[in-house]
Structures are given as structure tokens and as C-alpha cells.
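Q: Supplied in C-alpha cells, the structure appears directly below.
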Amino acid sequence: MSEETMTSPSESPRVAVIGGGVMGGTIITAIRVAGWPVEGIAVAEKDRDRAGALEEAHGIHASESIGEAVDGAEVIVIAVKPQDADSALAQIAPAYKPGALVITVAAGLPTSFYESRLPEGAPVVRCMPNTPAIVARGATAIAAGSHASSQHLGIAESMLRATGLVVTVAEEDLDAVTAVSGSGPAYFYAVVEALTEAGVAHGLDRTLATQLAAQTFVGAAQLLMESGDTPQTLRRRVSSPGGTTIAALDAMEHAGLQGVVSAGANAAAARSKELAQELGD
Ligand SMILES: NC(=O)C1=CN([C@@H]2O[C@H](COP(=O)(O)OP(=O)(O)OC[C@H]3O[C@@H](n4cnc5c(N)ncnc54)[C@H](O)[C@@H]3O)[C@@H](O)[C@H]2O)C=CC1
Ligand SMILES: O=C(O)[C@@H]1CCC=N1
């Protein structure tokens with residue numbers, strides 16, 4: 001695909017999604033919402049049940065063969081686990097249409113990993129989405145490889161727009177993005193689990209405690225985004241002098257909250273870098 005020949009869904013570029021799991025399925029939904037025609041989307045999914053579910057949900061063609069899905073595709077979305085990317089690329093390369101845009105969501109693997117396994121000059125855009133994309137509240141960062149232009153980034157952005165926020169970053173920032181927003185939803189769920197347990201220990205019904213915790217975090221996040229205030233300002237607004245919140249925050253800090261969160265984020269960023277070394281050349 002030349003950049004000039006594809007700028008909008010109405011031009012019906014052929015899209016092949018490789019791996020129709022959580023992220024692949026979410027991206028298919030997003031591009032359908034963005035107006036991509038069903039007949040322009042193919043998916044390669046080796047799990048038969050999952051392939052059948054995608055066909056039923058979207059009316060698209062699912063194949064076990066990566067070569068078949070990629071044949072003639074102008075955009076190839078790679079949504080397999082990092083450990084499966086090398087073998088997927090070995091099947092993509094022979095069917096690759098010169099100039100086709102490759103969009104990858106795999107954690108850790110740099111754009112050079114793809115470029116070195118595809119014909120010379122392949123434009124690659126690397127993305128780090130997160131699971132709230134499933135409900136159109138995702139946060140995705142995208143970065144251009146060495147042959148990807150701003151127009152290629154624009155195509156990726158237009159395909160992912162329906163998943164929520166999309167921002168462009170330098171590729172070197174993607175490990176940090178992974179540590180904050182890519183893995184971030186899991187930190188939130190872990191905190192909700194802990195808060196639920198605390199609520200249950202104090203006599204609350206488990207379902208109610210989870211509901212209250214989730215609504216509190218959704219509301220707090222919305223207030224943060226809509227008010228334009230800093231987290232510090234909003235935290236102080238909850239914290240009455242001599243009140244319950246200060247008592248809680250003091251206890252959390254004493255128990256190492258800041259250290260716990262940064263240790264988690266550091267481990268995610270380190271693992272992202274490690275994946276590149278482990279699976280790269
Ligand atoms: N789940 C998450 O929160 C996030 C995941 N990612 C990245 O997205 C990628 C996919 O992750 P998930 O969707 O969570 O995994 P998943 O396991 O749900 O989906 C991967 C799919 O690829 C299929 N697959 C594997 N090899 C294949 C092959 N050779 N041919 C056809 N299909 C094949 C599997 O059957 C599976 O359905 C990973 O690289 C991950 O790093 C990125 C950001 C967030
Ligand atoms: O856990 C992982 O490796 C992927 C990347 C970010 C979220 N899930």
C-alpha cells in the first residue's frame with residue numbers, strides 16, 4: 001500500500017488481523033466501528049472456537065492460515081503473543097504485499113524486530129493498547145518504526161480511535177507506557193480486589209464492596225480528567241484535617257504504597273525490555 005492510496009476507510013483497504021484473541025478481537029470491533037467494511041477484514045486465528053466466534057460476531061472471514069489472511073492485505077495487524085511473533089512473521093513475509101502497513105500490539109518487541117523479518121522498507125507502527133479498549137475507554141500509545149511516516153501513524157490512529165485515547169510517542173517510551181497504561185488495568189483490579197477484601201473484613205457484602213470500589217475509581221478518574229486539577233489537589237480535597245482519609249493515606253504510605261507501585265511499574269518496564277532481548281536477534 002502506498003501512503004497516498006489509503007487514507008480513509010471508505011477506500012476499503014484490506015486489513016488482515018493475525019491473532020483474534022483479546023486484543024485482535026478488540027481491534028476488529030474498533031475498525032468495524034470506524035467504518036471498515038466487513039469484506040475488507042480477514043483474520044488468522046488458530047483456535048477454531050475463537051475463529052468461529054469472530055466469524056459469528058463480525059461476519060468476517062477467519063482462517064487458520066496466516067498466508068491466506070495476509071494475501072493482498074494493505075494493513076496487517078499483528079496481535080499474537082510476543083513469543084508467537086517470530087513464527088507469525090515467517091508466514092507473513094512470503095505473502096507480504098510491498099508497502100503494506102504492519103501494525104503490532106505485541107509487548108516488548110521493537111519495530112526493528114519486524115523490519116528485519118519483512119521485506120526491506122516495510123512500514124511498521126508499534127502500539128501499546130490496554131484492555132479498557134474493549135469498552136472504548138482504552139489508552140493506546142503508538143510509535144513509528146524507521147520506515148513509517150506520519151501518514152502511517154494517521155492510519156493506525158484512525159483504526160484505533162474507537163478504542164479510546166490514542167497518543168503518539170517515541171518508540172523508546174513504549175516500555176514506560178507498557179508499565180503505566182498497558183499493564184495498568186491489572187494494577188487497578190489488584191487494588192479493587194484488596195479494597196474488596198478490606199470491605200468484606202469490615203462486614204460488607206463482597207459484591208457490594210466491589211461495586212462501591214469500582215464506582216469510586218471510575219468516578220475519581222473521571223473527576224481527575226474533567227476537572228483539570230492535579231491528583232495532589234484532588235487528594236487533598238478528600239482529606240479532611242484529622243479525618244479518615246489522612247489516617248488511611250498515612251497508613252498506606254507507612255506500609256510502602258509509593259514503593260509498591262513503583263516496584264510494579266519498574267518490573268513491567270524491565271520485563272518489556274527483557275522480552276526484546278529474549279526473543280530478538
Ligand atoms: N491483553 C492485554 O492487556 C494486552 C496485550 N497486548 C499484546 O497483545 C498481544 C495479544 O495479546 P492478547 O490478545 O491478550 O492474547 P490472546 O492470547 O488473547 O490472543 C492471541 C491470539 O493469537 C492466536 N494465535 C497465536 N499464534 C497464532 C498463529 N500462528 N496463527 C493464528 N493465530 C495465532 C491465539 O490463538 C490467540 O487467540 C500480545 O502480544 C500482548 O503483548 C498489548 C497490550 C495489552
Ligand atoms: O502482560 C503483558 O505482557 C501484556 C502487555 C501489557 C498488558 N498485557
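Letters A, B, ... mark the chains of the C-alpha cells in the order given; residue numbers begin at 1 per chain; ligand numbers begin at 1, in order shown.
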Please provide the set of residues having any atom within 12 Å of A:Gly138, restricted to only C-alpha atoms, with same-chain residues fewer than 3 positions apart removed, written as an MDAnalysis selection string.

A: chainID A and resid 23 26:27 30 128:135 141 160:167 181:185

Q: Name each residue within 7 Å of ligand 1, counting only C-alpha atoms and all ligand atoms, as a PyMOL selection string.

A: chain A and resi 18-24+44-47+50+64-66+79-82+84+87-88+105-107+128-131+182-183

Q: Name the closest residue to ligand 2 among the candidates A:Gly108, A:Gly67, A:Pro13, A:Gly25; distances are taken between atoms, counting only C-alpha atoms and all ligand atoms.

A: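 Ranking A:Gly108, A:Gly67, A:Pro13, A:Gly25 by distance to ligand 2, first place goes to A:Gly108.
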
Q: Looking at only C-alpha atoms, which of A:Thr111, A:Gln151, A:Thr178, A:Thr29 is the one that sits closest to A:Ala270?

A: A:Thr178

Q: Out of A:Ala248, A:Leu109, A:Val192, A:Ala34, which residue has the shortest atom-to-atom distance to A:Glu274 when counting only C-alpha atoms?

A: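 Looking only at the distances to A:Glu274, the closest residue turns out to be A:Leu109.
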
Q: Could you list, as a list in words, every residue within 6 Å of A:Gly145, counting only C-alpha atoms and ignoring same-chain residues fewer than 3 positions away?

A: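 Surrounding residues, per the criterion: Thr111, Val124, Val125 and Ala148 of chain A.
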
Q: Work out how far apart atom CA of A:Thr207 and atom CA of A:Ala190 are and give it in Å to one decimal.

A: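 Separation between atom CA of A:Thr207 and atom CA of A:Ala190: 15.4 Å.
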
Q: As a PyMOL selection string, please: every residue in stretch 139-241 of chain A that DSSP puts in alpha helix (DSSP H).

A: chain A and resi 150-160+174-177+184-201+206-227+231-238
